[in-house]
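Visitor: Take this structure, written in structure tokens, and hold onto it; I'll ask about it next.
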Amino acid sequence: MEKKPELTICSVYYSSADKALLELNWNLAARLNPGAHWVWIAADNTPPNRTESVDGNKFRVVPGARPEDMPAYIRPWMRASYHHTMGIHTSIPHIQTRFALFLDSDFYIVRPHWAREIVNHMKEKRLAFFGVPWHPKHIKKYRYFPAIHSLFVDLETIDKRELDFIPQYEELLKPSFTKRLARRLRKSALALFSEERRSIGTSHDSGYDIFRRYG
């Protein structure tokens with residue numbers, strides 16, 4: 001009898017190049033984790049006029065984000081983050097395992113047997129989240145908490161319905177009076193702090209809501 005998988009991996013692809021990276025990722029993961037059992041969901045974010053599709057024997061392909069689902073207030077520089085995270089959200093209802101890994105198509109985990117070892121580590125240490133933080137050079141991103149490039153979640157601890165990867169840019173576009181006042185007060189202290197130091201952790205990009213709630 002085949003062992004029931006404990007891990008569902010969720011990725012998004014949106015082009016032929018991204019598709020190739022994702023399939024390379026699957027091949028590497030399979031080689032490093034002999035005997036491991038997982039479900040790998042691939043959300044299809046390709047444009048309506050494109051027909052690329054990943055290998056259905058390796059991935060469970062689900063429909064991704066649709067252009068008409070993009071919020072009206074989204075500006076051009078925001079669209080890539082929204083499109084990607086909207087694709088992630090289409091995969092979440094399909095997760096049936098205790099552990100989930102949200103993994104970028106071009107993020108490669110190179111440790112042998114990582115699928116089993118990370119799940120066992122999370123059980124042993126009772127970790128709700130495990131993953132890689134943002135690189136320190138991205139000073140505007142949140143710190144000391146896993147980013148969404150490679151994020152493991154124990155869904156016995158965290159309700160999957162509470163996971164919100166969508167950027168929170170609308171809070172920056174429509175600030176309340178209190179926030180506008182606080183921003184003006186911060187600007188009045190420009191002489192005390194450098195521009196870089198004041199901008200640490202100010203980005204509300206993908207995954208910010210998860211960090212805010214659980215970090």
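Residues are named by chain letter and number: chains run A, B, ... in the order of the structure tokens, numbers start at 1 in each chain, and ligands are numbered from 1 in the order shown.
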Write out as a PyMOL selection string each polymer residue whose atoms come within 12 Å of Lys4 of chain A, counting only C-alpha atoms; drop sequence neighbours fewer than 4 positions from it.

Guide: chain A and resi 8+35-39+96-98

Visitor: Fewer than 6 positions away in the same chain doesn't count, so skip those; otherwise give me all residues within 12 Å of segment 77-82 of chain A, counting only C-alpha atoms, as a PDB file with all heavy atoms, in the first residue's frame.

Guide:
```pdb
ATOM      1  N   VAL A  12       3.458  28.145  -8.895  1.00  0.00           N
ATOM      2  CA  VAL A  12       2.740  28.869  -9.937  1.00  0.00           C
ATOM      3  C   VAL A  12       3.653  28.973 -11.151  1.00  0.00           C
ATOM      4  O   VAL A  12       4.857  29.191 -11.006  1.00  0.00           O
ATOM      5  CB  VAL A  12       2.346  30.286  -9.469  1.00  0.00           C
ATOM      6  CG1 VAL A  12       1.645  31.054 -10.574  1.00  0.00           C
ATOM      7  CG2 VAL A  12       1.477  30.220  -8.223  1.00  0.00           C
ATOM      8  N   TYR A  14       3.749  30.755 -15.300  1.00  0.00           N
ATOM      9  CA  TYR A  14       3.040  31.736 -16.121  1.00  0.00           C
ATOM     10  C   TYR A  14       3.598  31.872 -17.531  1.00  0.00           C
ATOM     11  O   TYR A  14       3.092  32.670 -18.318  1.00  0.00           O
ATOM     12  CB  TYR A  14       3.072  33.114 -15.446  1.00  0.00           C
ATOM     13  CG  TYR A  14       4.468  33.634 -15.184  1.00  0.00           C
ATOM     14  CD1 TYR A  14       5.139  34.381 -16.147  1.00  0.00           C
ATOM     15  CD2 TYR A  14       5.108  33.367 -13.983  1.00  0.00           C
ATOM     16  CE1 TYR A  14       6.419  34.837 -15.918  1.00  0.00           C
ATOM     17  CE2 TYR A  14       6.397  33.823 -13.750  1.00  0.00           C
ATOM     18  CZ  TYR A  14       7.050  34.554 -14.712  1.00  0.00           C
ATOM     19  OH  TYR A  14       8.324  35.005 -14.486  1.00  0.00           O
ATOM     20  N   ASN A  45      -0.934  30.081 -14.461  1.00  0.00           N
ATOM     21  CA  ASN A  45      -1.133  31.524 -14.578  1.00  0.00           C
ATOM     22  C   ASN A  45      -0.823  32.045 -15.975  1.00  0.00           C
ATOM     23  O   ASN A  45      -0.641  33.242 -16.164  1.00  0.00           O
ATOM     24  CB  ASN A  45      -0.237  32.265 -13.569  1.00  0.00           C
ATOM     25  CG  ASN A  45      -0.996  32.717 -12.337  1.00  0.00           C
ATOM     26  OD1 ASN A  45      -2.081  32.236 -12.066  1.00  0.00           O
ATOM     27  ND2 ASN A  45      -0.411  33.620 -11.566  1.00  0.00           N
ATOM     28  N   GLY A  64      -5.216  29.021 -12.638  1.00  0.00           N
ATOM     29  CA  GLY A  64      -4.612  30.071 -11.833  1.00  0.00           C
ATOM     30  C   GLY A  64      -5.412  31.351 -11.839  1.00  0.00           C
ATOM     31  O   GLY A  64      -6.642  31.339 -11.950  1.00  0.00           O
ATOM     32  N   ALA A  65      -4.713  32.470 -11.748  1.00  0.00           N
ATOM     33  CA  ALA A  65      -5.365  33.778 -11.678  1.00  0.00           C
ATOM     34  C   ALA A  65      -5.906  34.174 -13.048  1.00  0.00           C
ATOM     35  O   ALA A  65      -5.308  33.885 -14.079  1.00  0.00           O
ATOM     36  CB  ALA A  65      -4.383  34.823 -11.183  1.00  0.00           C
ATOM     37  N   ARG A  66      -7.038  34.857 -13.040  1.00  0.00           N
ATOM     38  CA  ARG A  66      -7.635  35.369 -14.266  1.00  0.00           C
ATOM     39  C   ARG A  66      -7.471  36.886 -14.312  1.00  0.00           C
ATOM     40  O   ARG A  66      -7.568  37.555 -13.276  1.00  0.00           O
ATOM     41  CB  ARG A  66      -9.117  35.008 -14.323  1.00  0.00           C
ATOM     42  CG  ARG A  66      -9.400  33.511 -14.288  1.00  0.00           C
ATOM     43  CD  ARG A  66     -10.883  33.245 -14.225  1.00  0.00           C
ATOM     44  NE  ARG A  66     -11.480  33.853 -13.031  1.00  0.00           N
ATOM     45  CZ  ARG A  66     -12.781  33.825 -12.759  1.00  0.00           C
ATOM     46  NH1 ARG A  66     -13.621  33.244 -13.589  1.00  0.00           N
ATOM     47  NH2 ARG A  66     -13.238  34.397 -11.652  1.00  0.00           N
ATOM     48  N   PRO A  67      -7.211  37.448 -15.481  1.00  0.00           N
ATOM     49  CA  PRO A  67      -7.010  38.907 -15.573  1.00  0.00           C
ATOM     50  C   PRO A  67      -8.175  39.697 -14.993  1.00  0.00           C
ATOM     51  O   PRO A  67      -7.975  40.751 -14.379  1.00  0.00           O
ATOM     52  CB  PRO A  67      -6.869  39.147 -17.077  1.00  0.00           C
ATOM     53  CG  PRO A  67      -6.386  37.837 -17.621  1.00  0.00           C
ATOM     54  CD  PRO A  67      -7.030  36.778 -16.775  1.00  0.00           C
ATOM     55  N   ASP A  69      -9.882  39.103 -12.481  1.00  0.00           N
ATOM     56  CA  ASP A  69      -9.903  39.068 -11.014  1.00  0.00           C
ATOM     57  C   ASP A  69      -8.985  40.117 -10.400  1.00  0.00           C
ATOM     58  O   ASP A  69      -9.003  40.305  -9.174  1.00  0.00           O
ATOM     59  CB  ASP A  69      -9.489  37.681 -10.513  1.00  0.00           C
ATOM     60  CG  ASP A  69     -10.500  36.613 -10.890  1.00  0.00           C
ATOM     61  OD1 ASP A  69     -11.684  36.959 -11.059  1.00  0.00           O
ATOM     62  OD2 ASP A  69     -10.105  35.446 -11.020  1.00  0.00           O
ATOM     63  N   MET A  70      -8.178  40.791 -11.215  1.00  0.00           N
ATOM     64  CA  MET A  70      -7.239  41.780 -10.698  1.00  0.00           C
ATOM     65  C   MET A  70      -8.013  42.979 -10.141  1.00  0.00           C
ATOM     66  O   MET A  70      -8.858  43.547 -10.829  1.00  0.00           O
ATOM     67  CB  MET A  70      -6.304  42.237 -11.809  1.00  0.00           C
ATOM     68  CG  MET A  70      -5.140  43.080 -11.346  1.00  0.00           C
ATOM     69  SD  MET A  70      -3.841  42.149 -10.506  1.00  0.00           S
ATOM     70  CE  MET A  70      -3.206  41.162 -11.859  1.00  0.00           C
ATOM     71  N   PRO A  71      -7.762  43.373  -8.875  1.00  0.00           N
ATOM     72  CA  PRO A  71      -8.464  44.535  -8.307  1.00  0.00           C
ATOM     73  C   PRO A  71      -8.266  45.796  -9.142  1.00  0.00           C
ATOM     74  O   PRO A  71      -7.199  45.995  -9.747  1.00  0.00           O
ATOM     75  CB  PRO A  71      -7.816  44.686  -6.918  1.00  0.00           C
ATOM     76  CG  PRO A  71      -7.308  43.314  -6.589  1.00  0.00           C
ATOM     77  CD  PRO A  71      -6.876  42.722  -7.892  1.00  0.00           C
ATOM     78  N   ILE A  88      -1.286  31.552  -6.318  1.00  0.00           N
ATOM     79  CA  ILE A  88      -1.084  30.736  -5.119  1.00  0.00           C
ATOM     80  C   ILE A  88      -2.420  30.436  -4.457  1.00  0.00           C
ATOM     81  O   ILE A  88      -2.693  29.301  -4.042  1.00  0.00           O
ATOM     82  CB  ILE A  88      -0.143  31.451  -4.130  1.00  0.00           C
ATOM     83  CG1 ILE A  88       1.282  31.526  -4.689  1.00  0.00           C
ATOM     84  CG2 ILE A  88      -0.139  30.730  -2.781  1.00  0.00           C
ATOM     85  CD1 ILE A  88       2.240  32.298  -3.807  1.00  0.00           C
ATOM     86  N   HIS A  89      -3.271  31.422  -4.371  1.00  0.00           N
ATOM     87  CA  HIS A  89      -4.545  31.250  -3.672  1.00  0.00           C
ATOM     88  C   HIS A  89      -5.461  30.245  -4.361  1.00  0.00           C
ATOM     89  O   HIS A  89      -6.268  29.591  -3.707  1.00  0.00           O
ATOM     90  CB  HIS A  89      -5.242  32.605  -3.513  1.00  0.00           C
ATOM     91  CG  HIS A  89      -4.790  33.356  -2.305  1.00  0.00           C
ATOM     92  ND1 HIS A  89      -5.519  33.446  -1.144  1.00  0.00           N
ATOM     93  CD2 HIS A  89      -3.637  34.031  -2.060  1.00  0.00           C
ATOM     94  CE1 HIS A  89      -4.855  34.153  -0.252  1.00  0.00           C
ATOM     95  NE2 HIS A  89      -3.709  34.522  -0.790  1.00  0.00           N
ATOM     96  N   ILE A 148       7.844  34.118   1.055  1.00  0.00           N
ATOM     97  CA  ILE A 148       7.002  33.156   0.344  1.00  0.00           C
ATOM     98  C   ILE A 148       7.755  32.408  -0.752  1.00  0.00           C
ATOM     99  O   ILE A 148       7.165  31.591  -1.452  1.00  0.00           O
ATOM    100  CB  ILE A 148       5.746  33.823  -0.245  1.00  0.00           C
ATOM    101  CG1 ILE A 148       6.113  34.768  -1.391  1.00  0.00           C
ATOM    102  CG2 ILE A 148       4.969  34.544   0.834  1.00  0.00           C
ATOM    103  CD1 ILE A 148       4.907  35.210  -2.188  1.00  0.00           C
ATOM    104  N   ASP A 164      -3.165  34.427   3.761  1.00  0.00           N
ATOM    105  CA  ASP A 164      -3.418  35.486   2.787  1.00  0.00           C
ATOM    106  C   ASP A 164      -2.073  35.992   2.264  1.00  0.00           C
ATOM    107  O   ASP A 164      -1.360  36.719   2.948  1.00  0.00           O
ATOM    108  CB  ASP A 164      -4.205  36.625   3.420  1.00  0.00           C
ATOM    109  CG  ASP A 164      -4.628  37.683   2.405  1.00  0.00           C
ATOM    110  OD1 ASP A 164      -4.232  37.558   1.223  1.00  0.00           O
ATOM    111  OD2 ASP A 164      -5.331  38.629   2.783  1.00  0.00           O
ATOM    112  N   PHE A 165      -1.722  35.573   1.049  1.00  0.00           N
ATOM    113  CA  PHE A 165      -0.450  35.967   0.448  1.00  0.00           C
ATOM    114  C   PHE A 165      -0.557  37.269  -0.338  1.00  0.00           C
ATOM    115  O   PHE A 165       0.454  37.813  -0.772  1.00  0.00           O
ATOM    116  CB  PHE A 165       0.026  34.866  -0.505  1.00  0.00           C
ATOM    117  CG  PHE A 165       0.410  33.591   0.184  1.00  0.00           C
ATOM    118  CD1 PHE A 165      -0.520  32.575   0.364  1.00  0.00           C
ATOM    119  CD2 PHE A 165       1.697  33.400   0.660  1.00  0.00           C
ATOM    120  CE1 PHE A 165      -0.173  31.388   0.999  1.00  0.00           C
ATOM    121  CE2 PHE A 165       2.055  32.222   1.298  1.00  0.00           C
ATOM    122  CZ  PHE A 165       1.123  31.210   1.464  1.00  0.00           C
ATOM    123  N   ILE A 166      -1.770  37.769  -0.544  1.00  0.00           N
ATOM    124  CA  ILE A 166      -1.980  38.934  -1.403  1.00  0.00           C
ATOM    125  C   ILE A 166      -1.285  40.167  -0.821  1.00  0.00           C
ATOM    126  O   ILE A 166      -1.386  40.443   0.371  1.00  0.00           O
ATOM    127  CB  ILE A 166      -3.492  39.221  -1.558  1.00  0.00           C
ATOM    128  CG1 ILE A 166      -4.207  37.996  -2.143  1.00  0.00           C
ATOM    129  CG2 ILE A 166      -3.708  40.445  -2.439  1.00  0.00           C
ATOM    130  CD1 ILE A 166      -3.769  37.625  -3.539  1.00  0.00           C
ATOM    131  N   PRO A 167      -0.557  40.937  -1.647  1.00  0.00           N
ATOM    132  CA  PRO A 167       0.054  42.179  -1.143  1.00  0.00           C
ATOM    133  C   PRO A 167      -0.995  43.099  -0.542  1.00  0.00           C
ATOM    134  O   PRO A 167      -2.156  43.097  -0.953  1.00  0.00           O
ATOM    135  CB  PRO A 167       0.669  42.795  -2.411  1.00  0.00           C
ATOM    136  CG  PRO A 167       0.894  41.640  -3.324  1.00  0.00           C
ATOM    137  CD  PRO A 167      -0.243  40.693  -3.066  1.00  0.00           C
ATOM    138  N   GLN A 168      -0.550  43.882   0.426  1.00  0.00           N
ATOM    139  CA  GLN A 168      -1.456  44.783   1.134  1.00  0.00           C
ATOM    140  C   GLN A 168      -1.225  46.232   0.707  1.00  0.00           C
ATOM    141  O   GLN A 168      -1.239  47.151   1.510  1.00  0.00           O
ATOM    142  CB  GLN A 168      -1.240  44.633   2.648  1.00  0.00           C
ATOM    143  CG  GLN A 168      -1.380  43.218   3.161  1.00  0.00           C
ATOM    144  CD  GLN A 168      -2.781  42.655   2.956  1.00  0.00           C
ATOM    145  OE1 GLN A 168      -3.765  43.297   3.330  1.00  0.00           O
ATOM    146  NE2 GLN A 168      -2.875  41.471   2.369  1.00  0.00           N
ATOM    147  N   TYR A 169      -1.032  46.420  -0.584  1.00  0.00           N
ATOM    148  CA  TYR A 169      -0.730  47.759  -1.083  1.00  0.00           C
ATOM    149  C   TYR A 169      -1.885  48.731  -0.901  1.00  0.00           C
ATOM    150  O   TYR A 169      -1.678  49.937  -0.833  1.00  0.00           O
ATOM    151  CB  TYR A 169      -0.382  47.702  -2.569  1.00  0.00           C
ATOM    152  CG  TYR A 169       0.951  47.064  -2.869  1.00  0.00           C
ATOM    153  CD1 TYR A 169       1.063  46.100  -3.858  1.00  0.00           C
ATOM    154  CD2 TYR A 169       2.093  47.432  -2.175  1.00  0.00           C
ATOM    155  CE1 TYR A 169       2.290  45.518  -4.156  1.00  0.00           C
ATOM    156  CE2 TYR A 169       3.319  46.857  -2.461  1.00  0.00           C
ATOM    157  CZ  TYR A 169       3.402  45.899  -3.454  1.00  0.00           C
ATOM    158  OH  TYR A 169       4.609  45.323  -3.737  1.00  0.00           O
ATOM    159  N   GLU A 170      -3.105  48.221  -0.831  1.00  0.00           N
ATOM    160  CA  GLU A 170      -4.234  49.146  -0.713  1.00  0.00           C
ATOM    161  C   GLU A 170      -4.154  49.956   0.575  1.00  0.00           C
ATOM    162  O   GLU A 170      -4.654  51.067   0.668  1.00  0.00           O
ATOM    163  CB  GLU A 170      -5.566  48.397  -0.787  1.00  0.00           C
ATOM    164  CG  GLU A 170      -5.892  47.532   0.406  1.00  0.00           C
ATOM    165  CD  GLU A 170      -5.259  46.158   0.310  1.00  0.00           C
ATOM    166  OE1 GLU A 170      -4.392  45.958  -0.556  1.00  0.00           O
ATOM    167  OE2 GLU A 170      -5.612  45.286   1.115  1.00  0.00           O
ATOM    168  N   LEU A 173      -2.117  52.840  -0.418  1.00  0.00           N
ATOM    169  CA  LEU A 173      -2.772  53.722  -1.387  1.00  0.00           C
ATOM    170  C   LEU A 173      -3.890  54.536  -0.758  1.00  0.00           C
ATOM    171  O   LEU A 173      -4.197  55.633  -1.208  1.00  0.00           O
ATOM    172  CB  LEU A 173      -3.341  52.886  -2.536  1.00  0.00           C
ATOM    173  CG  LEU A 173      -2.318  52.141  -3.396  1.00  0.00           C
ATOM    174  CD1 LEU A 173      -3.035  51.264  -4.412  1.00  0.00           C
ATOM    175  CD2 LEU A 173      -1.389  53.114  -4.095  1.00  0.00           C
ATOM    176  N   SER A 203       7.691  47.619   3.246  1.00  0.00           N
ATOM    177  CA  SER A 203       7.005  47.053   2.090  1.00  0.00           C
ATOM    178  C   SER A 203       5.847  46.162   2.532  1.00  0.00           C
ATOM    179  O   SER A 203       5.966  45.366   3.459  1.00  0.00           O
ATOM    180  CB  SER A 203       7.979  46.227   1.252  1.00  0.00           C
ATOM    181  OG  SER A 203       7.287  45.539   0.223  1.00  0.00           O
ATOM    182  N   HIS A 204       4.713  46.304   1.854  1.00  0.00           N
ATOM    183  CA  HIS A 204       3.544  45.460   2.119  1.00  0.00           C
ATOM    184  C   HIS A 204       3.334  44.474   0.975  1.00  0.00           C
ATOM    185  O   HIS A 204       2.215  44.141   0.626  1.00  0.00           O
ATOM    186  CB  HIS A 204       2.305  46.327   2.298  1.00  0.00           C
ATOM    187  CG  HIS A 204       2.304  47.120   3.568  1.00  0.00           C
ATOM    188  ND1 HIS A 204       1.162  47.711   4.073  1.00  0.00           N
ATOM    189  CD2 HIS A 204       3.293  47.417   4.446  1.00  0.00           C
ATOM    190  CE1 HIS A 204       1.461  48.353   5.202  1.00  0.00           C
ATOM    191  NE2 HIS A 204       2.747  48.182   5.432  1.00  0.00           N
ATOM    192  N   ASP A 205       4.443  43.989   0.437  1.00  0.00           N
ATOM    193  CA  ASP A 205       4.397  43.087  -0.713  1.00  0.00           C
ATOM    194  C   ASP A 205       3.907  41.698  -0.291  1.00  0.00           C
ATOM    195  O   ASP A 205       3.491  41.481   0.848  1.00  0.00           O
ATOM    196  CB  ASP A 205       5.790  43.001  -1.345  1.00  0.00           C
ATOM    197  CG  ASP A 205       5.765  42.594  -2.809  1.00  0.00           C
ATOM    198  OD1 ASP A 205       4.700  42.163  -3.286  1.00  0.00           O
ATOM    199  OD2 ASP A 205       6.808  42.709  -3.470  1.00  0.00           O
ATOM    200  N   SER A 206       3.995  40.750  -1.218  1.00  0.00           N
ATOM    201  CA  SER A 206       3.451  39.400  -1.036  1.00  0.00           C
ATOM    202  C   SER A 206       3.868  38.788   0.308  1.00  0.00           C
ATOM    203  O   SER A 206       5.042  38.799   0.664  1.00  0.00           O
ATOM    204  CB  SER A 206       3.939  38.500  -2.163  1.00  0.00           C
ATOM    205  OG  SER A 206       3.647  39.053  -3.421  1.00  0.00           O
ATOM    206  N   GLY A 207       2.900  38.243   1.013  1.00  0.00           N
ATOM    207  CA  GLY A 207       3.160  37.582   2.285  1.00  0.00           C
ATOM    208  C   GLY A 207       3.149  38.491   3.491  1.00  0.00           C
ATOM    209  O   GLY A 207       3.254  38.015   4.630  1.00  0.00           O
ATOM    210  N   TYR A 208       2.997  39.800   3.277  1.00  0.00           N
ATOM    211  CA  TYR A 208       3.060  40.733   4.403  1.00  0.00           C
ATOM    212  C   TYR A 208       1.988  40.453   5.451  1.00  0.00           C
ATOM    213  O   TYR A 208       2.238  40.541   6.647  1.00  0.00           O
ATOM    214  CB  TYR A 208       2.934  42.176   3.896  1.00  0.00           C
ATOM    215  CG  TYR A 208       2.902  43.196   5.021  1.00  0.00           C
ATOM    216  CD1 TYR A 208       4.081  43.612   5.623  1.00  0.00           C
ATOM    217  CD2 TYR A 208       1.693  43.716   5.492  1.00  0.00           C
ATOM    218  CE1 TYR A 208       4.058  44.529   6.664  1.00  0.00           C
ATOM    219  CE2 TYR A 208       1.673  44.630   6.528  1.00  0.00           C
ATOM    220  CZ  TYR A 208       2.838  45.027   7.115  1.00  0.00           C
ATOM    221  OH  TYR A 208       2.812  45.925   8.152  1.00  0.00           O
TER     222      TYR A 208
END
```

Visitor: Would you give me, as an mmCIF file with C-alpha atoms, in the first residue's frame, the residues in segment 86-120 of chain A that DSSP reads as alpha helix (DSSP H)?

Guide:
```cif
data_model
loop_
_atom_site.group_PDB
_atom_site.id
_atom_site.type_symbol
_atom_site.label_atom_id
_atom_site.label_comp_id
_atom_site.auth_asym_id
_atom_site.auth_seq_id
_atom_site.Cartn_x
_atom_site.Cartn_y
_atom_site.Cartn_z
ATOM 1 C CA MET A 86 -3.585 35.229 -6.777
ATOM 2 C CA GLY A 87 -2.300 32.076 -8.470
ATOM 3 C CA ILE A 88 -1.084 30.736 -5.119
ATOM 4 C CA HIS A 89 -4.545 31.250 -3.672
ATOM 5 C CA THR A 90 -6.173 29.108 -6.344
ATOM 6 C CA SER A 91 -4.084 26.150 -5.137
ATOM 7 C CA TRP A 114 14.756 17.617 2.653
ATOM 8 C CA ALA A 115 11.071 16.702 2.295
ATOM 9 C CA ARG A 116 11.178 14.197 5.139
ATOM 10 C CA GLU A 117 13.731 16.014 7.300
ATOM 11 C CA ILE A 118 11.966 19.389 7.268
ATOM 12 C CA VAL A 119 8.573 17.868 8.062
ATOM 13 C CA ASN A 120 10.099 15.870 10.933
#
```

Visitor: In terms of the shortest atom-to-atom distance over only C-alpha atoms, which of A:Arg213, A:His94, A:His113, A:His138 is closest to Pro63 of chain A?

Guide: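 The shortest atom-to-atom distance to Pro63 of chain A comes from A:His94.
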
Visitor: Please determine, counting only C-alpha atoms, which residue among A:Ile200, A:Pro133, A:Ile139, A:Thr46 has the shortest atom-to-atom distance to Ala17 of chain A.

Guide: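 Closest to Ala17 of chain A, using only C-alpha atoms: A:Thr46.
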
Visitor: If I take atom CA of Leu127 of chain A and atom CA of Glu156 of chain A, how far is one from the other in Å, to one decimal?

Guide: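 Here the two named atoms are 10.5 Å from each other.
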
Visitor: I want to know what sits within 9 Å of Lys160 of chain A, based on only C-alpha atoms, with residues of the same chain fewer than 3 positions away left out; could you give that as a VMD selection string?

Guide: chain A and resid 92 to 93 95 153 155 to 156 163 to 164

Visitor: If you run DSSP on the backbone here, which positions in chain A get strand (DSSP E or B)? Please write them as a PyMOL selection string.

Guide: chain A and resi 7-13+38-44+60-63+99-103+129-131+150-154

Visitor: When distances are computed from only C-alpha atoms, which of A:Val62, A:Tyr142, A:Leu21, A:Ser150 shows the smallest separation from Gly201 of chain A?

Guide: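 When distances to Gly201 of chain A are compared using only C-alpha atoms, the smallest one comes from A:Tyr142.
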
Visitor: What separation in Å, quoted to one decimal, exists between atom CA of Asn49 of chain A and atom CA of Asp18 of chain A?

Guide: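 These atoms are spaced 16.3 Å apart.
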
Visitor: Give me the residues near His149 of chain A as a count of residues only, where near means some atom within 9 Å (using only C-alpha atoms) and where sequence neighbours in that chain fewer than 6 positions away do not count.

Guide: 10

Visitor: Quick check, in Å to one decimal: how far apart do atom CA of Arg143 of chain A and atom CA of Ala43 of chain A lie?

Guide: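 These two atoms are separated by 27.4 Å.
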
Visitor: Here is a test: counting only C-alpha atoms, which residue of A:Arg75, A:Lys140, A:His84, A:Lys58 is nearest to Glu23 of chain A?

Guide: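 Among the listed residues, the smallest separation from Glu23 of chain A belongs to A:Lys58.
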
Visitor: Show which residues sit within 6 Å of Leu101 of chain A, as a VMD selection string. Count only C-alpha atoms, and ignore same-chain residues fewer than 6 positions away.

Guide: chain A and resid 9 151 to 152

Visitor: Write to file, as a CSV table (one decimal), in the first residue's frame, the residues of the selection just made, with N, CA and C atoms.

Guide:
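Wrote out_10.csv, looks like this:
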```csv
chain,number,residue,atom,x,y,z
A,9,ILE,N,3.0,20.5,-2.2
A,9,ILE,CA,3.9,21.6,-2.7
A,9,ILE,C,3.0,22.4,-3.7
A,151,LEU,N,8.2,28.5,1.7
A,151,LEU,CA,7.5,28.6,3.0
A,151,LEU,C,6.7,27.3,3.3
A,152,PHE,N,7.2,26.6,4.3
A,152,PHE,CA,6.5,25.4,4.8
A,152,PHE,C,5.5,25.9,5.9
```
